[in-house]
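Next comes start.cif, with mmCIF, N, CA and C atoms.
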```cif
data_structure
#
loop_
_atom_site.label_atom_id
_atom_site.label_comp_id
_atom_site.auth_asym_id
_atom_site.auth_seq_id
_atom_site.Cartn_x
_atom_site.Cartn_y
_atom_site.Cartn_z
N MET A 1 18.51 92.67 38.94
CA MET A 1 19.34 91.56 38.56
C MET A 1 19.42 90.57 39.72
N GLY A 2 19.40 89.31 39.34
CA GLY A 2 19.48 88.28 40.35
C GLY A 2 20.91 87.98 40.74
N LEU A 3 21.07 87.16 41.72
CA LEU A 3 22.39 86.79 42.22
C LEU A 3 23.18 86.04 41.16
N PHE A 4 22.53 85.12 40.45
CA PHE A 4 23.22 84.34 39.43
C PHE A 4 23.73 85.23 38.31
N SER A 5 22.90 86.16 37.88
CA SER A 5 23.33 87.03 36.77
C SER A 5 24.45 87.98 37.21
N ARG A 6 24.49 88.34 38.50
CA ARG A 6 25.59 89.17 38.99
C ARG A 6 26.88 88.38 39.10
N LEU A 7 26.78 87.07 39.49
CA LEU A 7 27.97 86.26 39.65
C LEU A 7 28.51 85.77 38.31
N PHE A 8 27.61 85.42 37.39
CA PHE A 8 28.02 84.86 36.10
C PHE A 8 27.38 85.61 34.95
N PRO A 9 27.81 86.81 34.68
CA PRO A 9 27.18 87.58 33.59
C PRO A 9 27.49 86.99 32.22
N ALA A 10 28.64 86.37 32.05
CA ALA A 10 29.00 85.81 30.75
C ALA A 10 28.20 84.55 30.46
N ALA A 11 27.84 83.79 31.49
CA ALA A 11 27.10 82.55 31.29
C ALA A 11 25.72 82.84 30.74
N LEU A 12 25.09 83.92 31.17
CA LEU A 12 23.76 84.24 30.67
C LEU A 12 23.81 84.72 29.23
N ALA A 13 24.88 85.37 28.86
CA ALA A 13 24.98 85.88 27.50
C ALA A 13 25.16 84.74 26.51
N GLU A 14 25.81 83.65 26.93
CA GLU A 14 26.09 82.55 26.02
C GLU A 14 24.98 81.51 25.95
N THR A 15 24.09 81.47 26.94
CA THR A 15 23.07 80.42 26.96
C THR A 15 21.89 80.82 26.11
N ALA A 16 21.39 79.84 25.40
CA ALA A 16 20.19 80.04 24.59
C ALA A 16 19.07 79.20 25.20
N PRO A 17 17.86 79.61 25.05
CA PRO A 17 16.77 78.81 25.60
C PRO A 17 16.69 77.44 24.92
N LEU A 18 16.32 76.44 25.69
CA LEU A 18 16.21 75.08 25.15
C LEU A 18 14.97 74.96 24.27
N SER A 19 15.10 74.16 23.23
CA SER A 19 13.95 73.93 22.37
C SER A 19 12.97 72.98 23.08
N ASP A 20 11.77 72.90 22.55
CA ASP A 20 10.76 72.03 23.15
C ASP A 20 11.19 70.57 23.12
N LEU A 21 11.80 70.16 22.02
CA LEU A 21 12.26 68.77 21.90
C LEU A 21 13.35 68.46 22.92
N ALA A 22 14.24 69.40 23.17
CA ALA A 22 15.30 69.19 24.14
C ALA A 22 14.72 69.05 25.55
N VAL A 23 13.72 69.83 25.86
CA VAL A 23 13.08 69.75 27.19
C VAL A 23 12.39 68.40 27.36
N VAL A 24 11.69 67.94 26.32
CA VAL A 24 11.00 66.65 26.38
C VAL A 24 12.01 65.52 26.54
N LEU A 25 13.07 65.55 25.74
CA LEU A 25 14.07 64.49 25.83
C LEU A 25 14.78 64.50 27.18
N LEU A 26 15.04 65.67 27.72
CA LEU A 26 15.67 65.77 29.02
C LEU A 26 14.75 65.20 30.10
N GLY A 27 13.47 65.51 30.03
CA GLY A 27 12.50 64.98 31.00
C GLY A 27 12.37 63.47 30.92
N VAL A 28 12.27 62.94 29.70
CA VAL A 28 12.17 61.49 29.52
C VAL A 28 13.44 60.80 30.01
N GLY A 29 14.58 61.39 29.74
CA GLY A 29 15.84 60.82 30.19
C GLY A 29 15.96 60.77 31.70
N VAL A 30 15.53 61.84 32.36
CA VAL A 30 15.59 61.88 33.82
C VAL A 30 14.66 60.83 34.41
N VAL A 31 13.45 60.70 33.87
CA VAL A 31 12.51 59.70 34.37
C VAL A 31 13.05 58.29 34.13
N PHE A 32 13.60 58.05 32.94
CA PHE A 32 14.14 56.73 32.62
C PHE A 32 15.29 56.38 33.56
N PHE A 33 16.17 57.33 33.81
CA PHE A 33 17.29 57.11 34.72
C PHE A 33 16.78 56.83 36.14
N GLY A 34 15.77 57.56 36.57
CA GLY A 34 15.19 57.33 37.89
C GLY A 34 14.59 55.94 38.01
N LEU A 35 13.88 55.48 36.98
CA LEU A 35 13.30 54.14 37.01
C LEU A 35 14.39 53.07 37.03
N LEU A 36 15.45 53.28 36.27
CA LEU A 36 16.56 52.32 36.30
C LEU A 36 17.21 52.28 37.67
N ALA A 37 17.32 53.43 38.32
CA ALA A 37 17.90 53.47 39.66
C ALA A 37 17.00 52.72 40.65
N ILE A 38 15.68 52.85 40.53
CA ILE A 38 14.76 52.13 41.42
C ILE A 38 14.86 50.63 41.19
N VAL A 39 14.92 50.20 39.94
CA VAL A 39 15.04 48.78 39.63
C VAL A 39 16.35 48.22 40.19
N GLY A 40 17.43 48.95 40.01
CA GLY A 40 18.72 48.52 40.54
C GLY A 40 18.72 48.44 42.06
N PHE A 41 18.10 49.42 42.70
CA PHE A 41 18.01 49.41 44.16
C PHE A 41 17.20 48.23 44.66
N CYS A 42 16.07 47.93 43.99
CA CYS A 42 15.25 46.78 44.40
C CYS A 42 15.99 45.47 44.20
N ALA A 43 16.73 45.34 43.10
CA ALA A 43 17.50 44.12 42.87
C ALA A 43 18.60 43.96 43.92
N LEU A 44 19.25 45.04 44.27
CA LEU A 44 20.29 45.00 45.30
C LEU A 44 19.71 44.61 46.66
N MET A 45 18.60 45.19 47.03
CA MET A 45 17.97 44.87 48.31
C MET A 45 17.49 43.42 48.32
N GLY A 46 17.00 42.91 47.19
CA GLY A 46 16.58 41.52 47.11
C GLY A 46 17.73 40.57 47.34
N ARG A 47 18.87 40.88 46.75
CA ARG A 47 20.06 40.04 46.97
C ARG A 47 20.51 40.07 48.42
N ILE A 48 20.46 41.25 49.03
CA ILE A 48 20.88 41.37 50.42
C ILE A 48 19.96 40.57 51.33
N PHE A 49 18.65 40.72 51.16
CA PHE A 49 17.71 40.00 52.01
C PHE A 49 17.75 38.50 51.77
N ARG A 50 17.97 38.10 50.53
CA ARG A 50 18.05 36.67 50.22
C ARG A 50 19.27 36.05 50.91
N SER A 51 20.39 36.75 50.90
CA SER A 51 21.58 36.21 51.56
C SER A 51 21.41 36.18 53.07
N VAL A 52 20.70 37.15 53.64
CA VAL A 52 20.46 37.15 55.08
C VAL A 52 19.55 35.98 55.46
N GLU A 53 18.51 35.72 54.65
CA GLU A 53 17.59 34.61 54.95
C GLU A 53 18.26 33.26 54.78
N GLU A 54 19.19 33.13 53.83
CA GLU A 54 19.90 31.87 53.66
C GLU A 54 20.75 31.56 54.88
N GLY A 55 21.28 32.58 55.52
CA GLY A 55 22.07 32.39 56.72
C GLY A 55 21.22 31.98 57.91
N LYS A 56 19.97 32.36 57.93
CA LYS A 56 19.08 32.02 59.04
C LYS A 56 18.57 30.59 58.95
N LYS A 57 18.52 30.01 57.77
CA LYS A 57 17.96 28.67 57.59
C LYS A 57 18.99 27.60 57.93
N THR A 58 19.33 27.50 59.18
CA THR A 58 20.31 26.50 59.59
C THR A 58 19.65 25.23 60.08
N ALA A 59 18.58 25.35 60.86
CA ALA A 59 17.92 24.16 61.41
C ALA A 59 16.42 24.24 61.14
N PRO A 60 15.81 23.14 60.73
CA PRO A 60 14.36 23.18 60.51
C PRO A 60 13.64 23.29 61.85
N PRO A 61 12.46 23.89 61.84
CA PRO A 61 11.74 24.04 63.11
C PRO A 61 11.26 22.68 63.63
N ALA A 62 11.19 22.57 64.94
CA ALA A 62 10.74 21.32 65.56
C ALA A 62 9.25 21.15 65.33
N PRO A 63 8.80 19.91 65.09
CA PRO A 63 7.37 19.71 64.88
C PRO A 63 6.58 19.99 66.15
N ALA A 64 5.36 20.45 65.96
CA ALA A 64 4.51 20.77 67.11
C ALA A 64 4.07 19.48 67.80
N PRO A 65 4.00 19.50 69.10
CA PRO A 65 3.58 18.28 69.81
C PRO A 65 2.10 17.99 69.54
N VAL A 66 1.79 16.71 69.41
CA VAL A 66 0.41 16.29 69.17
C VAL A 66 -0.22 15.97 70.51
N CYS A 67 -1.38 16.53 70.74
CA CYS A 67 -2.07 16.25 71.99
C CYS A 67 -3.51 15.83 71.70
N GLU A 68 -3.97 14.88 72.40
CA GLU A 68 -5.34 14.38 72.27
C GLU A 68 -6.19 15.04 73.34
N PRO A 69 -7.41 15.45 73.01
CA PRO A 69 -8.27 16.03 74.04
C PRO A 69 -8.75 14.96 75.01
N ASP A 70 -9.01 15.37 76.23
CA ASP A 70 -9.51 14.40 77.21
C ASP A 70 -10.95 14.02 76.85
N PRO A 71 -11.51 12.95 77.43
CA PRO A 71 -12.84 12.47 77.05
C PRO A 71 -13.95 13.52 77.21
N ALA A 72 -13.85 14.40 78.20
CA ALA A 72 -14.88 15.43 78.37
C ALA A 72 -14.86 16.41 77.20
N GLU A 73 -13.66 16.81 76.80
CA GLU A 73 -13.54 17.71 75.65
C GLU A 73 -13.96 17.01 74.38
N ARG A 74 -13.64 15.75 74.24
CA ARG A 74 -14.01 14.99 73.05
C ARG A 74 -15.53 14.94 72.91
N GLY A 75 -16.24 14.76 74.03
CA GLY A 75 -17.70 14.76 73.99
C GLY A 75 -18.26 16.12 73.59
N ALA A 76 -17.64 17.19 74.08
CA ALA A 76 -18.08 18.54 73.73
C ALA A 76 -17.85 18.81 72.25
N ILE A 77 -16.72 18.36 71.74
CA ILE A 77 -16.42 18.54 70.31
C ILE A 77 -17.42 17.76 69.47
N LEU A 78 -17.72 16.51 69.87
CA LEU A 78 -18.68 15.68 69.15
C LEU A 78 -20.07 16.32 69.16
N ALA A 79 -20.47 16.88 70.30
CA ALA A 79 -21.77 17.55 70.39
C ALA A 79 -21.83 18.77 69.47
N ALA A 80 -20.75 19.54 69.41
CA ALA A 80 -20.72 20.72 68.55
C ALA A 80 -20.78 20.34 67.09
N VAL A 81 -20.05 19.30 66.71
CA VAL A 81 -20.06 18.85 65.31
C VAL A 81 -21.44 18.33 64.94
N CYS A 82 -22.06 17.57 65.82
CA CYS A 82 -23.41 17.05 65.55
C CYS A 82 -24.42 18.19 65.43
N ALA A 83 -24.28 19.23 66.26
CA ALA A 83 -25.19 20.36 66.19
C ALA A 83 -25.06 21.09 64.85
N VAL A 84 -23.86 21.23 64.37
CA VAL A 84 -23.64 21.90 63.09
C VAL A 84 -24.22 21.07 61.96
N ILE A 85 -23.98 19.76 61.99
CA ILE A 85 -24.50 18.89 60.93
C ILE A 85 -26.03 18.89 60.94
N ALA A 86 -26.63 18.82 62.14
CA ALA A 86 -28.08 18.83 62.24
C ALA A 86 -28.65 20.15 61.73
N GLU A 87 -27.97 21.25 62.01
CA GLU A 87 -28.44 22.56 61.54
C GLU A 87 -28.37 22.63 60.02
N GLU A 88 -27.30 22.14 59.44
CA GLU A 88 -27.16 22.15 57.98
C GLU A 88 -28.19 21.25 57.30
N LEU A 89 -28.49 20.11 57.93
CA LEU A 89 -29.48 19.19 57.35
C LEU A 89 -30.91 19.61 57.65
N GLY A 90 -31.09 20.53 58.58
CA GLY A 90 -32.42 20.99 58.94
C GLY A 90 -33.18 19.98 59.78
N THR A 91 -32.49 19.17 60.56
CA THR A 91 -33.13 18.17 61.42
C THR A 91 -32.76 18.43 62.86
N ASP A 92 -33.28 17.59 63.74
CA ASP A 92 -32.98 17.67 65.16
C ASP A 92 -31.71 16.86 65.45
N VAL A 93 -30.99 17.22 66.49
CA VAL A 93 -29.77 16.51 66.85
C VAL A 93 -30.08 15.07 67.24
N THR A 94 -31.25 14.85 67.82
CA THR A 94 -31.60 13.49 68.25
C THR A 94 -31.83 12.56 67.07
N ALA A 95 -32.03 13.13 65.87
CA ALA A 95 -32.24 12.30 64.69
C ALA A 95 -30.92 11.76 64.12
N LEU A 96 -29.81 12.27 64.61
CA LEU A 96 -28.50 11.83 64.11
C LEU A 96 -27.98 10.68 64.97
N ARG A 97 -27.29 9.76 64.31
CA ARG A 97 -26.63 8.67 65.03
C ARG A 97 -25.17 8.64 64.59
N VAL A 98 -24.27 8.82 65.53
CA VAL A 98 -22.84 8.86 65.23
C VAL A 98 -22.30 7.45 65.40
N SER A 99 -21.75 6.92 64.31
CA SER A 99 -21.19 5.57 64.38
C SER A 99 -19.68 5.60 64.61
N SER A 100 -19.02 6.64 64.14
CA SER A 100 -17.58 6.73 64.32
C SER A 100 -17.19 8.21 64.30
N PHE A 101 -16.25 8.57 65.17
CA PHE A 101 -15.76 9.93 65.23
C PHE A 101 -14.26 9.85 65.51
N ARG A 102 -13.47 10.05 64.43
CA ARG A 102 -12.02 9.95 64.58
C ARG A 102 -11.34 11.01 63.73
N LYS A 103 -10.13 11.29 64.08
CA LYS A 103 -9.34 12.28 63.38
C LYS A 103 -8.84 11.69 62.07
N ILE A 104 -8.99 12.39 60.97
CA ILE A 104 -8.59 11.87 59.65
C ILE A 104 -7.11 12.07 59.44
N ASN A 105 -6.60 13.18 59.81
CA ASN A 105 -5.22 13.50 59.51
C ASN A 105 -4.31 12.77 60.43
#
```

Show how you would write the structure in this file as structure tokens.
Amino acid sequence: MGLFSRLFPAALAETAPLSDLAVVLLGVGVVFFGLLAIVGFCALMGRIFRSVEEGKKTAPPAPAPVCEPDPAERGAILAAVCAVIAEELGTDVTALRVSSFRKIN
């Protein structure tokens, strides 16, 4: 005899085995309850994080400083761009003539 049957002998006499349908319904109910608990937990955490982020958004970030490259760097950038264009066109770099090189943005 097990410990449970020694402690509760009357409980074993009154219990009947569960039917197959009862076991299936109990399993589906437990899974459904677990999924509802996960959905509720995710919704709660979303509200908490949303309220924390709203508190952080007090000041917009400062814009990044704009800096122009010096003439030596500008020449290196122009040479690199011309090399890429010449490679894509399948020609020599000397065949290209740059008429204007400026920042669009």

All residues 8 Å or closer to A:Ala86, all atoms listed in the file, same chain fewer than 6 positions away omitted, as a list in words: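 Once the adjacent positions are removed, what remains is Ala80, Asp92, Val93, Thr94, Ala95 and Leu96 of chain A.
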
Selection to disk with N, CA and C atoms, as a CSV table (one decimal), keeping the file's coordinate frame:
```csv
chain,number,residue,atom,x,y,z
A,80,ALA,N,-20.8,19.5,69.4
A,80,ALA,CA,-20.7,20.7,68.6
A,80,ALA,C,-20.8,20.3,67.1
A,92,ASP,N,-33.3,17.6,63.7
A,92,ASP,CA,-33.0,17.7,65.2
A,92,ASP,C,-31.7,16.9,65.4
A,93,VAL,N,-31.0,17.2,66.5
A,93,VAL,CA,-29.8,16.5,66.8
A,93,VAL,C,-30.1,15.1,67.2
A,94,THR,N,-31.2,14.8,67.8
A,94,THR,CA,-31.6,13.5,68.2
A,94,THR,C,-31.8,12.6,67.1
A,95,ALA,N,-32.0,13.1,65.9
A,95,ALA,CA,-32.2,12.3,64.7
A,95,ALA,C,-30.9,11.8,64.1
A,96,LEU,N,-29.8,12.3,64.6
A,96,LEU,CA,-28.5,11.8,64.1
A,96,LEU,C,-28.0,10.7,65.0
```

Can you list every residue in chain A that DSSP puts in helix (DSSP H, G or I), as an NGL selection string? :A and (3-7 or 9-14 or 20-56 or 71-89 or 93-95)

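Picture a line from atom CA of A:Gly90 to atom CA of A:Pro71; it runs 28.0 Å.
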
Can you report as JSON the centre and edge lengths in Å, to one decimal, of an axis-aligned box around the listed atoms of stretch 72-80 of chain A padded with 4 Å on each side?
```
{"center_x": -17.7, "center_y": 17.6, "center_z": 72.7, "size_x": 16.3, "size_y": 14.3, "size_z": 19.3}
```

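Note that the spacing between atom N of A:Phe49 and atom CA of A:Ala37 amounts to 17.2 Å.
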